[in-house]
>>> print(open('run04.pdb').read())   # PDB, C-alpha atoms
MODEL        1
ATOM      1  CA  MET A   1     -40.264   1.876 -14.890
ATOM      2  CA  VAL A   2     -42.465   2.536 -11.866
ATOM      3  CA  GLU A   3     -45.280   4.964 -11.177
ATOM      4  CA  LEU A   4     -44.419   6.901  -8.028
ATOM      5  CA  LYS A   5     -46.480   9.860  -6.838
ATOM      6  CA  ASN A   6     -47.966  10.309 -10.325
ATOM      7  CA  ASN A   7     -44.487  10.310 -11.905
ATOM      8  CA  ILE A   8     -42.791   7.591 -13.959
ATOM      9  CA  VAL A   9     -39.367   6.768 -12.477
ATOM     10  CA  LYS A  10     -36.690   4.131 -12.893
ATOM     11  CA  ALA A  11     -36.238   1.415 -10.299
ATOM     12  CA  ILE A  12     -34.106  -1.710 -10.044
ATOM     13  CA  ASN A  13     -35.564  -5.061  -9.027
ATOM     14  CA  TYR A  14     -33.307  -7.977  -8.088
ATOM     15  CA  ASN A  15     -35.156 -11.207  -8.797
ATOM     16  CA  ASP A  16     -32.952 -13.074  -6.316
ATOM     17  CA  LEU A  17     -34.172 -10.819  -3.514
ATOM     18  CA  THR A  18     -37.733  -9.812  -4.337
ATOM     19  CA  GLY A  19     -38.823 -12.193  -7.077
ATOM     20  CA  PRO A  20     -39.914 -11.357 -10.624
ATOM     21  CA  ILE A  21     -41.925  -8.216 -11.299
ATOM     22  CA  LYS A  22     -44.657  -7.497 -13.828
ATOM     23  CA  ILE A  23     -46.951  -4.680 -14.918
ATOM     24  CA  GLY A  24     -49.614  -3.959 -12.313
ATOM     25  CA  ASP A  25     -47.632  -5.192  -9.298
ATOM     26  CA  ILE A  26     -47.774  -3.058  -6.161
ATOM     27  CA  ILE A  27     -44.319  -2.618  -4.687
ATOM     28  CA  ILE A  28     -42.436  -0.851  -1.927
ATOM     29  CA  LEU A  29     -39.416   1.200  -2.986
ATOM     30  CA  ASN A  30     -36.263   2.315  -1.237
ATOM     31  CA  THR A  31     -35.913   5.932  -2.442
ATOM     32  CA  THR A  32     -33.105   7.026  -0.119
ATOM     33  CA  ALA A  33     -30.300   7.287  -2.689
ATOM     34  CA  VAL A  34     -32.341   9.492  -5.025
ATOM     35  CA  GLU A  35     -33.413  11.733  -2.150
ATOM     36  CA  LEU A  36     -29.726  12.143  -1.217
ATOM     37  CA  SER A  37     -28.836  12.889  -4.864
ATOM     38  CA  LEU A  38     -26.120  10.229  -4.855
ATOM     39  CA  GLY A  39     -24.170   9.483  -8.021
ATOM     40  CA  THR A  40     -23.525   5.742  -8.094
ATOM     41  CA  GLY A  41     -26.589   4.076  -6.658
ATOM     42  CA  GLY A  42     -28.752   7.175  -7.134
ATOM     43  CA  ILE A  43     -31.755   5.146  -8.179
ATOM     44  CA  HIS A  44     -34.827   3.579  -6.594
ATOM     45  CA  PHE A  45     -34.745  -0.077  -5.527
ATOM     46  CA  VAL A  46     -37.611  -2.510  -5.081
ATOM     47  CA  ILE A  47     -37.583  -3.897  -1.540
ATOM     48  CA  PHE A  48     -40.938  -5.713  -1.556
ATOM     49  CA  ASN A  49     -43.444  -6.896  -4.135
ATOM     50  CA  TYR A  50     -46.938  -7.655  -2.838
ATOM     51  CA  SER A  51     -47.383 -10.162  -5.676
ATOM     52  CA  ASN A  52     -44.588 -12.279  -4.177
ATOM     53  CA  GLU A  53     -45.780 -12.903  -0.653
ATOM     54  CA  SER A  54     -42.813 -15.018   0.383
ATOM     55  CA  LYS A  55     -39.337 -15.764  -0.868
ATOM     56  CA  ASP A  56     -38.555 -19.067  -2.525
ATOM     57  CA  PHE A  57     -35.597 -20.630  -0.736
ATOM     58  CA  LYS A  58     -35.379 -23.728  -2.920
ATOM     59  CA  GLY A  59     -31.947 -24.762  -4.097
ATOM     60  CA  LYS A  60     -28.665 -25.857  -2.579
ATOM     61  CA  GLY A  61     -26.549 -24.143  -0.003
ATOM     62  CA  HIS A  62     -27.085 -22.940   3.519
ATOM     63  CA  ILE A  63     -24.799 -19.909   3.773
ATOM     64  CA  MET A  64     -26.679 -16.645   4.128
ATOM     65  CA  LYS A  65     -25.475 -13.353   2.654
ATOM     66  CA  LEU A  66     -26.927 -10.046   3.865
ATOM     67  CA  ARG A  67     -27.295 -12.005   7.089
ATOM     68  CA  TYR A  68     -29.967 -11.067   9.613
ATOM     69  CA  THR A  69     -31.543  -8.452   7.382
ATOM     70  CA  PRO A  70     -34.978  -8.686   5.734
ATOM     71  CA  GLN A  71     -33.167  -9.177   2.424
ATOM     72  CA  GLN A  72     -30.933 -12.106   3.467
ATOM     73  CA  ILE A  73     -30.316 -14.533   0.624
ATOM     74  CA  LYS A  74     -29.233 -18.177   0.642
ATOM     75  CA  CYS A  75     -26.124 -19.098  -1.364
ATOM     76  CA  LEU A  76     -24.137 -22.237  -2.083
ATOM     77  CA  VAL A  77     -20.628 -20.994  -1.370
ATOM     78  CA  ALA A  78     -17.835 -22.880  -3.081
ATOM     79  CA  GLU A  79     -16.142 -24.032   0.116
ATOM     80  CA  GLU A  80     -19.123 -25.313   2.135
ATOM     81  CA  GLU A  81     -19.759 -29.000   2.850
ATOM     82  CA  ASP A  82     -22.432 -29.434   0.175
ATOM     83  CA  SER A  83     -20.189 -28.018  -2.547
ATOM     84  CA  LEU A  84     -18.383 -30.157  -5.084
ATOM     85  CA  TYR A  85     -15.262 -28.148  -4.255
ATOM     86  CA  HIS A  86     -15.295 -28.610  -0.472
ATOM     87  CA  GLN A  87     -12.433 -31.125  -0.399
ATOM     88  CA  MET A  88     -10.369 -28.990  -2.749
ATOM     89  CA  PHE A  89     -10.418 -26.168  -0.203
ATOM     90  CA  LYS A  90      -9.421 -28.594   2.556
ATOM     91  CA  ASP A  91      -6.497 -29.848   0.463
ATOM     92  CA  PHE A  92      -5.322 -26.389  -0.645
ATOM     93  CA  LYS A  93      -1.604 -25.620  -0.166
ATOM     94  CA  SER A  94      -0.558 -22.560  -2.188
ATOM     95  CA  LEU A  95      -1.573 -20.028  -4.830
ATOM     96  CA  ASP A  96       1.739 -20.828  -6.554
ATOM     97  CA  ASN A  97       2.455 -17.208  -7.527
ATOM     98  CA  HIS A  98      -0.859 -16.774  -9.400
ATOM     99  CA  ILE A  99      -1.183 -13.126 -10.421
ATOM    100  CA  PHE A 100      -3.810 -11.035  -8.635
ATOM    101  CA  ILE A 101      -4.310  -7.436  -9.789
ATOM    102  CA  ILE A 102      -5.726  -5.521  -6.827
ATOM    103  CA  GLY A 103      -7.665  -2.314  -7.496
ATOM    104  CA  SER A 104      -9.626   0.027  -5.275
ATOM    105  CA  LEU A 105     -12.300   1.294  -7.692
ATOM    106  CA  HIS A 106     -14.739  -0.607  -9.886
ATOM    107  CA  SER A 107     -13.858   1.722 -12.765
ATOM    108  CA  MET A 108     -10.354   0.188 -12.812
ATOM    109  CA  LEU A 109     -11.665  -3.197 -13.952
ATOM    110  CA  ALA A 110     -12.610  -2.686 -17.604
ATOM    111  CA  PRO A 111      -9.559  -0.643 -18.736
ATOM    112  CA  ILE A 112      -7.148  -3.205 -17.257
ATOM    113  CA  VAL A 113      -9.093  -6.018 -18.910
ATOM    114  CA  ALA A 114      -9.089  -4.130 -22.222
ATOM    115  CA  MET A 115      -5.311  -3.621 -22.146
ATOM    116  CA  LEU A 116      -4.616  -7.255 -21.298
ATOM    117  CA  LYS A 117      -6.903  -8.605 -24.025
ATOM    118  CA  TRP A 118      -5.691  -6.034 -26.550
ATOM    119  CA  LEU A 119      -2.139  -7.259 -26.000
ATOM    120  CA  ASP A 120      -3.102 -10.944 -26.023
ATOM    121  CA  LYS A 121      -6.613 -12.097 -26.903
ATOM    122  CA  ASP A 122      -5.943 -15.530 -25.401
ATOM    123  CA  ILE A 123      -5.320 -14.300 -21.844
ATOM    124  CA  LYS A 124      -8.003 -15.738 -19.555
ATOM    125  CA  ILE A 125      -9.140 -13.220 -16.931
ATOM    126  CA  ASN A 126     -11.370 -13.781 -13.905
ATOM    127  CA  TYR A 127     -12.804 -11.173 -11.552
ATOM    128  CA  ILE A 128     -13.370 -11.186  -7.801
ATOM    129  CA  MET A 129     -15.883  -8.591  -6.612
ATOM    130  CA  THR A 130     -15.581  -7.667  -2.939
ATOM    131  CA  ASP A 131     -18.344  -6.233  -0.801
ATOM    132  CA  GLY A 132     -16.747  -2.784  -0.499
ATOM    133  CA  GLY A 133     -19.261  -1.257  -2.922
ATOM    134  CA  SER A 134     -22.365  -2.662  -4.584
ATOM    135  CA  LEU A 135     -23.359  -5.997  -3.082
ATOM    136  CA  PRO A 136     -25.276  -7.433  -6.103
ATOM    137  CA  ILE A 137     -22.866  -7.985  -9.000
ATOM    138  CA  HIS A 138     -25.917  -7.567 -11.263
ATOM    139  CA  PHE A 139     -25.777  -3.821 -10.600
ATOM    140  CA  SER A 140     -22.556  -3.574 -12.619
ATOM    141  CA  ASN A 141     -23.170  -2.818 -16.280
ATOM    142  CA  THR A 142     -19.399  -3.104 -16.703
ATOM    143  CA  VAL A 143     -19.316  -6.750 -15.648
ATOM    144  CA  LYS A 144     -22.306  -7.523 -17.864
ATOM    145  CA  SER A 145     -20.580  -5.900 -20.842
ATOM    146  CA  LEU A 146     -17.224  -7.595 -20.212
ATOM    147  CA  LYS A 147     -18.872 -11.010 -20.036
ATOM    148  CA  GLN A 148     -20.989 -10.395 -23.139
ATOM    149  CA  LYS A 149     -17.835  -9.408 -25.046
ATOM    150  CA  LYS A 150     -16.056 -12.484 -23.611
ATOM    151  CA  LEU A 151     -13.336 -10.298 -22.132
ATOM    152  CA  ILE A 152     -13.611 -11.892 -18.694
ATOM    153  CA  GLU A 153     -14.248 -15.561 -18.083
ATOM    154  CA  ASN A 154     -15.965 -15.883 -14.708
ATOM    155  CA  THR A 155     -16.709 -13.926 -11.554
ATOM    156  CA  ILE A 156     -16.561 -14.578  -7.812
ATOM    157  CA  THR A 157     -18.487 -12.576  -5.233
ATOM    158  CA  ILE A 158     -17.116 -12.637  -1.679
ATOM    159  CA  GLY A 159     -18.327 -11.536   1.725
ATOM    160  CA  HIS A 160     -21.847 -10.181   1.430
ATOM    161  CA  ALA A 161     -21.497  -9.458  -2.286
ATOM    162  CA  PHE A 162     -23.567 -11.953  -4.286
ATOM    163  CA  GLY A 163     -24.504 -13.051  -7.784
ATOM    164  CA  GLY A 164     -21.110 -14.190  -9.090
ATOM    165  CA  ASP A 165     -20.495 -17.401 -10.984
ATOM    166  CA  LEU A 166     -18.981 -18.574  -7.713
ATOM    167  CA  GLU A 167     -19.896 -17.444  -4.218
ATOM    168  CA  CYS A 168     -17.241 -17.443  -1.508
ATOM    169  CA  THR A 169     -17.263 -16.558   2.169
ATOM    170  CA  ASN A 170     -14.252 -14.228   2.282
ATOM    171  CA  ILE A 171     -11.231 -12.976   0.372
ATOM    172  CA  TYR A 172      -9.078 -15.989   1.252
ATOM    173  CA  THR A 173     -11.493 -18.574  -0.104
ATOM    174  CA  GLY A 174     -12.186 -16.238  -3.021
ATOM    175  CA  LEU A 175      -8.487 -16.270  -3.906
ATOM    176  CA  ILE A 176      -8.360 -20.050  -3.644
ATOM    177  CA  GLY A 177     -11.490 -20.408  -5.769
ATOM    178  CA  ALA A 178     -10.079 -18.142  -8.454
ATOM    179  CA  LYS A 179      -6.865 -20.111  -8.753
ATOM    180  CA  GLU A 180      -8.069 -23.682  -8.170
ATOM    181  CA  ILE A 181     -11.582 -23.642  -9.655
ATOM    182  CA  LEU A 182     -11.692 -20.874 -12.255
ATOM    183  CA  LYS A 183      -7.995 -21.205 -13.083
ATOM    184  CA  GLY A 184      -7.225 -18.689 -15.857
ATOM    185  CA  ASN A 185      -4.054 -16.624 -16.213
ATOM    186  CA  VAL A 186      -4.835 -13.635 -14.039
ATOM    187  CA  THR A 187      -7.461 -12.531 -11.529
ATOM    188  CA  ILE A 188      -8.540  -8.915 -11.014
ATOM    189  CA  ILE A 189      -9.917  -7.937  -7.605
ATOM    190  CA  ALA A 190     -11.956  -4.783  -6.976
ATOM    191  CA  MET A 191     -15.148  -3.765  -5.256
ATOM    192  CA  GLY A 192     -18.389  -3.259  -7.130
ATOM    193  CA  PRO A 193     -19.646   0.207  -8.095
ATOM    194  CA  GLY A 194     -19.958   2.749  -5.306
ATOM    195  CA  ILE A 195     -16.833   3.279  -3.198
ATOM    196  CA  VAL A 196     -17.532   4.896   0.167
ATOM    197  CA  GLY A 197     -15.392   7.879   1.184
ATOM    198  CA  THR A 198     -15.596  10.338   4.045
ATOM    199  CA  GLY A 199     -12.689  12.705   3.421
ATOM    200  CA  THR A 200     -10.835  11.209   6.393
ATOM    201  CA  LYS A 201      -7.610   9.239   6.373
ATOM    202  CA  TYR A 202      -9.059   5.826   7.138
ATOM    203  CA  GLY A 203     -12.740   6.305   6.347
ATOM    204  CA  PHE A 204     -13.043   4.777   2.874
ATOM    205  CA  SER A 205     -14.047   1.306   1.728
ATOM    206  CA  GLY A 206     -11.072   1.092  -0.652
ATOM    207  CA  ILE A 207      -8.892   0.557   2.422
ATOM    208  CA  GLU A 208      -9.578  -3.133   1.785
ATOM    209  CA  GLN A 209      -6.869  -3.020  -0.900
ATOM    210  CA  GLY A 210      -4.189  -3.283   1.788
ATOM    211  CA  GLN A 211      -5.846  -6.233   3.467
ATOM    212  CA  ILE A 212      -6.176  -7.987   0.105
ATOM    213  CA  ILE A 213      -2.471  -7.490  -0.638
ATOM    214  CA  ASP A 214      -1.698  -9.227   2.646
ATOM    215  CA  ALA A 215      -4.169 -12.038   1.929
ATOM    216  CA  VAL A 216      -2.566 -12.737  -1.463
ATOM    217  CA  ASN A 217       0.887 -12.854   0.132
ATOM    218  CA  THR A 218      -0.336 -15.079   2.971
ATOM    219  CA  LEU A 219      -1.437 -17.687   0.432
ATOM    220  CA  ASP A 220       1.720 -17.318  -1.711
ATOM    221  CA  GLY A 221       0.179 -15.409  -4.594
ATOM    222  CA  ASN A 222       1.638 -12.542  -6.626
ATOM    223  CA  PRO A 223      -0.050  -9.207  -5.697
ATOM    224  CA  ILE A 224      -0.017  -6.350  -8.223
ATOM    225  CA  ALA A 225      -1.307  -3.154  -6.597
ATOM    226  CA  VAL A 226      -3.123  -0.607  -8.767
ATOM    227  CA  PRO A 227      -2.531   2.958  -7.526
ATOM    228  CA  ARG A 228      -5.292   5.537  -7.869
ATOM    229  CA  ILE A 229      -3.635   8.379  -9.785
ATOM    230  CA  SER A 230      -5.202  11.576 -11.112
ATOM    231  CA  PHE A 231      -4.279  15.137 -11.933
ATOM    232  CA  SER A 232      -7.870  16.043 -12.793
ATOM    233  CA  ASP A 233      -9.585  15.532  -9.446
ATOM    234  CA  LEU A 234     -10.240  18.940  -7.900
ATOM    235  CA  ARG A 235      -9.792  17.557  -4.387
ATOM    236  CA  ASP A 236      -6.201  18.127  -3.296
ATOM    237  CA  ARG A 237      -6.114  14.865  -1.317
ATOM    238  CA  HIS A 238      -6.583  12.936  -4.565
ATOM    239  CA  LYS A 239      -3.961  14.843  -6.602
ATOM    240  CA  GLY A 240      -1.209  12.664  -7.988
ATOM    241  CA  ILE A 241      -1.351   9.439  -6.006
ATOM    242  CA  SER A 242      -4.608   9.567  -4.076
ATOM    243  CA  HIS A 243      -4.424   9.649  -0.293
ATOM    244  CA  HIS A 244      -6.374   6.387  -0.458
ATOM    245  CA  THR A 245      -3.473   4.625  -2.174
ATOM    246  CA  ARG A 246      -0.860   6.379  -0.053
ATOM    247  CA  THR A 247      -2.576   5.253   3.143
ATOM    248  CA  VAL A 248      -3.007   1.680   1.926
ATOM    249  CA  LEU A 249       0.589   1.250   0.762
ATOM    250  CA  SER A 250       2.290   3.049   3.632
ATOM    251  CA  GLU A 251       0.197   1.847   6.575
ATOM    252  CA  ILE A 252      -2.512  -0.737   5.881
ATOM    253  CA  ALA A 253      -0.630  -3.303   3.809
ATOM    254  CA  LYS A 254       1.838  -5.069   6.082
ATOM    255  CA  THR A 255       3.452  -7.006   3.244
ATOM    256  CA  SER A 256       4.988  -6.037  -0.079
ATOM    257  CA  SER A 257       3.428  -5.775  -3.524
ATOM    258  CA  LYS A 258       4.400  -4.640  -6.988
ATOM    259  CA  VAL A 259       3.080  -1.100  -7.548
ATOM    260  CA  ILE A 260       2.803  -0.025 -11.184
ATOM    261  CA  ILE A 261       3.429   3.658 -11.959
ATOM    262  CA  PRO A 262       2.731   5.038 -15.461
ATOM    263  CA  LEU A 263       5.358   6.899 -17.441
ATOM    264  CA  LEU A 264       4.250  10.550 -17.411
ATOM    265  CA  ASP A 265       5.892  13.878 -18.151
ATOM    266  CA  GLU A 266       8.733  14.948 -15.861
ATOM    267  CA  TYR A 267       6.663  17.397 -13.790
ATOM    268  CA  LYS A 268       3.921  14.884 -12.955
ATOM    269  CA  LEU A 269       6.326  12.010 -12.427
ATOM    270  CA  ASN A 270       8.298  14.125  -9.955
ATOM    271  CA  ILE A 271       5.110  14.696  -7.947
ATOM    272  CA  LEU A 272       4.420  10.953  -7.852
ATOM    273  CA  ASN A 273       7.995  10.148  -6.846
ATOM    274  CA  GLU A 274       7.946  12.747  -4.074
ATOM    275  CA  GLN A 275       4.738  11.242  -2.698
ATOM    276  CA  ILE A 276       6.222   7.751  -2.845
ATOM    277  CA  GLU A 277       9.511   8.701  -1.214
ATOM    278  CA  SER A 278       7.992  10.916   1.484
ATOM    279  CA  LEU A 279       6.123   7.900   2.875
ATOM    280  CA  ASN A 280       8.930   5.390   2.195
ATOM    281  CA  ILE A 281       6.569   3.409  -0.024
ATOM    282  CA  ASN A 282       9.521   2.584  -2.270
ATOM    283  CA  ASN A 283      11.286   0.853   0.630
ATOM    284  CA  LYS A 284       8.268  -1.331   1.365
ATOM    285  CA  HIS A 285       6.957  -2.113  -2.122
ATOM    286  CA  ASP A 286       8.495  -2.833  -5.511
ATOM    287  CA  ILE A 287       7.844   0.296  -7.618
ATOM    288  CA  ILE A 288       7.715  -0.489 -11.329
ATOM    289  CA  TYR A 289       7.456   2.130 -14.078
ATOM    290  CA  GLU A 290       5.599   1.112 -17.210
ATOM    291  CA  ASP A 291       4.148   2.675 -20.359
ATOM    292  CA  GLY A 292       0.351   2.843 -20.464
ATOM    293  CA  LYS A 293      -0.098   5.030 -23.531
ATOM    294  CA  ASP A 294      -2.100   2.521 -25.595
ATOM    295  CA  ILE A 295      -4.969   2.322 -23.131
ATOM    296  CA  PHE A 296      -7.237   4.607 -25.188
ATOM    297  CA  GLU A 297      -6.774   2.443 -28.297
ATOM    298  CA  ALA A 298      -7.403  -0.703 -26.246
ATOM    299  CA  MET A 299     -10.683   0.584 -24.802
ATOM    300  CA  ASN A 300     -11.827   1.826 -28.206
ATOM    301  CA  TYR A 301     -10.965  -1.512 -29.811
ATOM    302  CA  PHE A 302     -13.430  -3.251 -27.493
ATOM    303  CA  ASN A 303     -15.920  -0.379 -27.624
ATOM    304  CA  LEU A 304     -15.663   0.345 -23.898
ATOM    305  CA  ASP A 305     -16.760   3.810 -22.791
ATOM    306  CA  ILE A 306     -15.493   3.867 -19.211
ATOM    307  CA  LYS A 307     -15.701   6.767 -16.799
ATOM    308  CA  THR A 308     -14.291   7.271 -13.341
ATOM    309  CA  MET A 309     -15.982   9.766 -11.043
ATOM    310  CA  GLY A 310     -17.819  10.968 -14.160
ATOM    311  CA  ARG A 311     -14.601  11.568 -16.131
ATOM    312  CA  GLY A 312     -13.552   9.757 -19.283
ATOM    313  CA  TYR A 313     -10.104   9.339 -20.806
ATOM    314  CA  GLU A 314      -9.823  12.878 -22.158
ATOM    315  CA  GLU A 315     -10.818  14.378 -18.783
ATOM    316  CA  ASP A 316      -8.588  12.158 -16.612
ATOM    317  CA  LYS A 317      -5.795  10.704 -18.757
ATOM    318  CA  GLU A 318      -3.414   9.835 -15.928
ATOM    319  CA  PHE A 319      -6.006   7.626 -14.240
ATOM    320  CA  PHE A 320      -6.414   5.570 -17.400
ATOM    321  CA  LEU A 321      -2.708   5.592 -18.278
ATOM    322  CA  THR A 322      -2.099   3.959 -14.906
ATOM    323  CA  LEU A 323      -4.469   1.137 -15.790
ATOM    324  CA  GLY A 324      -2.838   0.770 -19.179
ATOM    325  CA  ALA A 325       0.544   0.498 -17.477
ATOM    326  CA  VAL A 326      -0.781  -2.216 -15.154
ATOM    327  CA  GLY A 327      -2.143  -4.193 -18.091
ATOM    328  CA  ARG A 328       1.072  -3.869 -20.069
ATOM    329  CA  TYR A 329       3.239  -4.928 -17.130
ATOM    330  CA  VAL A 330       1.117  -7.986 -16.372
ATOM    331  CA  GLY A 331       1.029  -8.861 -20.068
ATOM    332  CA  LYS A 332       4.833  -8.911 -20.100
ATOM    333  CA  VAL A 333       4.970 -11.092 -16.993
ATOM    334  CA  LEU A 334       2.540 -13.595 -18.486
ATOM    335  CA  LYS A 335       4.678 -13.911 -21.602
TER     336      LYS A 335
ENDMDL
END
>>> encode(input="run04.pdb", output="structure tokens")
Amino acid sequence: MVELKNNIVKAINYNDLTGPIKIGDIIILNTTAVELSLGTGGIHFVIFNYSNESKDFKGKGHIMKLRYTPQQIKCLVAEEEDSLYHQMFKDFKSLDNHIFIIGSLHSMLAPIVAMLKWLDKDIKINYIMTDGGSLPIHFSNTVKSLKQKKLIENTITIGHAFGGDLECTNIYTGLIGAKEILKGNVTIIAMGPGIVGTGTKYGFSGIEQGQIIDAVNTLDGNPIAVPRISFSDLRDRHKGISHHTRTVLSEIAKTSSKVIIPLLDEYKLNILNEQIESLNINNKHDIIYEDGKDIFEAMNYFNLDIKTMGRGYEEDKEFFLTLGAVGRYVGKVLK
């Protein structure tokens, strides 16, 4: 809590960027998100603490994230020369069909994890966080909760995202690190909280999903694409299969993936199929229909209260049923 203009407000301080904070410190805040009334990220952030006059750059690594900004931070990325894993990256040959579940929203992470672990508690799941949303992984309460509950094993942050158990330079080395270093049975890839959208065809950060599909295929992995599906979003462009997913699968991804569609009632399924067929997505990707109906029980079992765009399961069932279907399909493949 911070005193700002005679009011007590909430603010986030990242120790890695601005050092520890204590009562009585004088700080500078970034208040932009609150002034814009943003949802995700609508909070103040500490950008400087007068009690910490300079950053402490002790430690290994020489790769900078947030490069050439006042907040740049030094990281030991897994593939650099000083890393214990450097030679492993040089010797890498193939992902050997390792399963990568590729989402476009951070809110997709926990429900998929819940379904997988509900079906088989011994499945080992890792998570790659891209830099399409939040850059510090510490901002995600979801990741913190999943690790505390031992539902995910380890995390990788790629690009300018930081704070994961492993740091990697880009999606390709992130994929290699997930398979060769973290191992596990399955890796889920999605940005951190705070997708950017502009209401235009190509102007959204989730467009990275197509590029990630291609990266997984390039390295001989097994890409499972998670479609963004909703019948509760009031915006027509997101009805059924979101225009984000339609654009990614029809235009951005140049290679094929498995796309999991939930079993819904006939009316809704017809809408999804019409969207798929109108863009020839079914000729480019492997469309797989799966039952996701146990997703609510799975989330409840692990006491996960997940919302997407402010909507929970009861307000946006099809979104969550999709994630349940993804988890069930992958669970079957792993068996």
>>> resolve_selection(input="run04.pdb", expression="the PyMOL selection byres ((chain A and resi 219) around 10)", output="PyMOL selection string")
chain A and resi 92-98+172+175-176+214-218+220-222
>>> write_last_selection(input="run04.pdb", atoms="C-alpha atoms", output="tab-separated table (two decimals), in the coordinates of the input")
chain	number	residue	atom	x	y	z
A	92	PHE	CA	-5.32	-26.39	-0.64
A	93	LYS	CA	-1.60	-25.62	-0.17
A	94	SER	CA	-0.56	-22.56	-2.19
A	95	LEU	CA	-1.57	-20.03	-4.83
A	96	ASP	CA	1.74	-20.83	-6.55
A	97	ASN	CA	2.46	-17.21	-7.53
A	98	HIS	CA	-0.86	-16.77	-9.40
A	172	TYR	CA	-9.08	-15.99	1.25
A	175	LEU	CA	-8.49	-16.27	-3.91
A	176	ILE	CA	-8.36	-20.05	-3.64
A	214	ASP	CA	-1.70	-9.23	2.65
A	215	ALA	CA	-4.17	-12.04	1.93
A	216	VAL	CA	-2.57	-12.74	-1.46
A	217	ASN	CA	0.89	-12.85	0.13
A	218	THR	CA	-0.34	-15.08	2.97
A	220	ASP	CA	1.72	-17.32	-1.71
A	221	GLY	CA	0.18	-15.41	-4.59
A	222	ASN	CA	1.64	-12.54	-6.63
>>> closest_residue(input="run04.pdb", among="A:Lys74, A:Lys254, A:Lys307, A:Lys124", to="Phe320 in chain A", atoms="all atoms listed in the file")
A:Lys307
>>> resolve_selection(input="run04.pdb", expression="the PyMOL selection byres ((chain A and resi 90) around 12)", output="PDB file with C-alpha atoms, keeping the file's coordinate frame")
ATOM      1  CA  ALA A  78     -17.835 -22.880  -3.081  1.00  0.00           C
ATOM      2  CA  GLU A  79     -16.142 -24.032   0.116  1.00  0.00           C
ATOM      3  CA  GLU A  80     -19.123 -25.313   2.135  1.00  0.00           C
ATOM      4  CA  GLU A  81     -19.759 -29.000   2.850  1.00  0.00           C
ATOM      5  CA  SER A  83     -20.189 -28.018  -2.547  1.00  0.00           C
ATOM      6  CA  LEU A  84     -18.383 -30.157  -5.084  1.00  0.00           C
ATOM      7  CA  TYR A  85     -15.262 -28.148  -4.255  1.00  0.00           C
ATOM      8  CA  HIS A  86     -15.295 -28.610  -0.472  1.00  0.00           C
ATOM      9  CA  GLN A  87     -12.433 -31.125  -0.399  1.00  0.00           C
ATOM     10  CA  MET A  88     -10.369 -28.990  -2.749  1.00  0.00           C
ATOM     11  CA  PHE A  89     -10.418 -26.168  -0.203  1.00  0.00           C
ATOM     12  CA  ASP A  91      -6.497 -29.848   0.463  1.00  0.00           C
ATOM     13  CA  PHE A  92      -5.322 -26.389  -0.645  1.00  0.00           C
ATOM     14  CA  LYS A  93      -1.604 -25.620  -0.166  1.00  0.00           C
ATOM     15  CA  SER A  94      -0.558 -22.560  -2.188  1.00  0.00           C
ATOM     16  CA  THR A 173     -11.493 -18.574  -0.104  1.00  0.00           C
ATOM     17  CA  ILE A 176      -8.360 -20.050  -3.644  1.00  0.00           C
ATOM     18  CA  GLY A 177     -11.490 -20.408  -5.769  1.00  0.00           C
ATOM     19  CA  GLU A 180      -8.069 -23.682  -8.170  1.00  0.00           C
TER      20      GLU A 180
END
>>> resolve_selection(input="run04.pdb", expression="the PyMOL selection byres ((chain A and resi 199-213) around 8)", output="VMD selection string")
chain A and resid 102 to 105 132 to 133 171 191 195 to 198 214 to 217 223 225 243 to 244 247 to 249 252 to 257
>>> closest_residue(input="run04.pdb", among="A:Lys121, A:Lys183, A:Lys293, A:Arg228", to="Lys149 in chain A", atoms="all atoms listed in the file")
A:Lys121
>>> residues_near_point(input="run04.pdb", point="(-10.7, 1.1, -28.1)", cutoff="12 Å", atoms="only C-alpha atoms", output="tab-separated table (two decimals) with C-alpha atoms, keeping the file's coordinate frame")
chain	number	residue	atom	x	y	z
A	110	ALA	CA	-12.61	-2.69	-17.60
A	111	PRO	CA	-9.56	-0.64	-18.74
A	113	VAL	CA	-9.09	-6.02	-18.91
A	114	ALA	CA	-9.09	-4.13	-22.22
A	115	MET	CA	-5.31	-3.62	-22.15
A	117	LYS	CA	-6.90	-8.60	-24.02
A	118	TRP	CA	-5.69	-6.03	-26.55
A	294	ASP	CA	-2.10	2.52	-25.60
A	295	ILE	CA	-4.97	2.32	-23.13
A	296	PHE	CA	-7.24	4.61	-25.19
A	297	GLU	CA	-6.77	2.44	-28.30
A	298	ALA	CA	-7.40	-0.70	-26.25
A	299	MET	CA	-10.68	0.58	-24.80
A	300	ASN	CA	-11.83	1.83	-28.21
A	301	TYR	CA	-10.96	-1.51	-29.81
A	302	PHE	CA	-13.43	-3.25	-27.49
A	303	ASN	CA	-15.92	-0.38	-27.62
A	304	LEU	CA	-15.66	0.34	-23.90
A	305	ASP	CA	-16.76	3.81	-22.79
A	306	ILE	CA	-15.49	3.87	-19.21
A	313	TYR	CA	-10.10	9.34	-20.81
A	324	GLY	CA	-2.84	0.77	-19.18
>>> closest_residue(input="run04.pdb", among="A:Ile99, A:Leu263, A:Met64, A:Leu29", to="Ile43 in chain A", atoms="all atoms listed in the file")
A:Leu29
>>> residues_near_point(input="run04.pdb", point="(-15.9, 13.7, -12.4)", cutoff="12 Å", atoms="all atoms listed in the file", output="ChimeraX atom specification")
/A:39-40,230-235,306-316,319
>>> atom_distance(input="run04.pdb", atom1="CA of Ile26 in chain A", atom2="CA of Phe48 in chain A")
8.7 Å
>>> closest_residue(input="run04.pdb", among="A:Ile260, A:Leu116, A:Ile287, A:Ala161", to="Gly327 in chain A", atoms="only C-alpha atoms")
A:Leu116
>>> atom_distance(input="run04.pdb", atom1="CA of Leu119 in chain A", atom2="CA of Leu269 in chain A")
25.0 Å
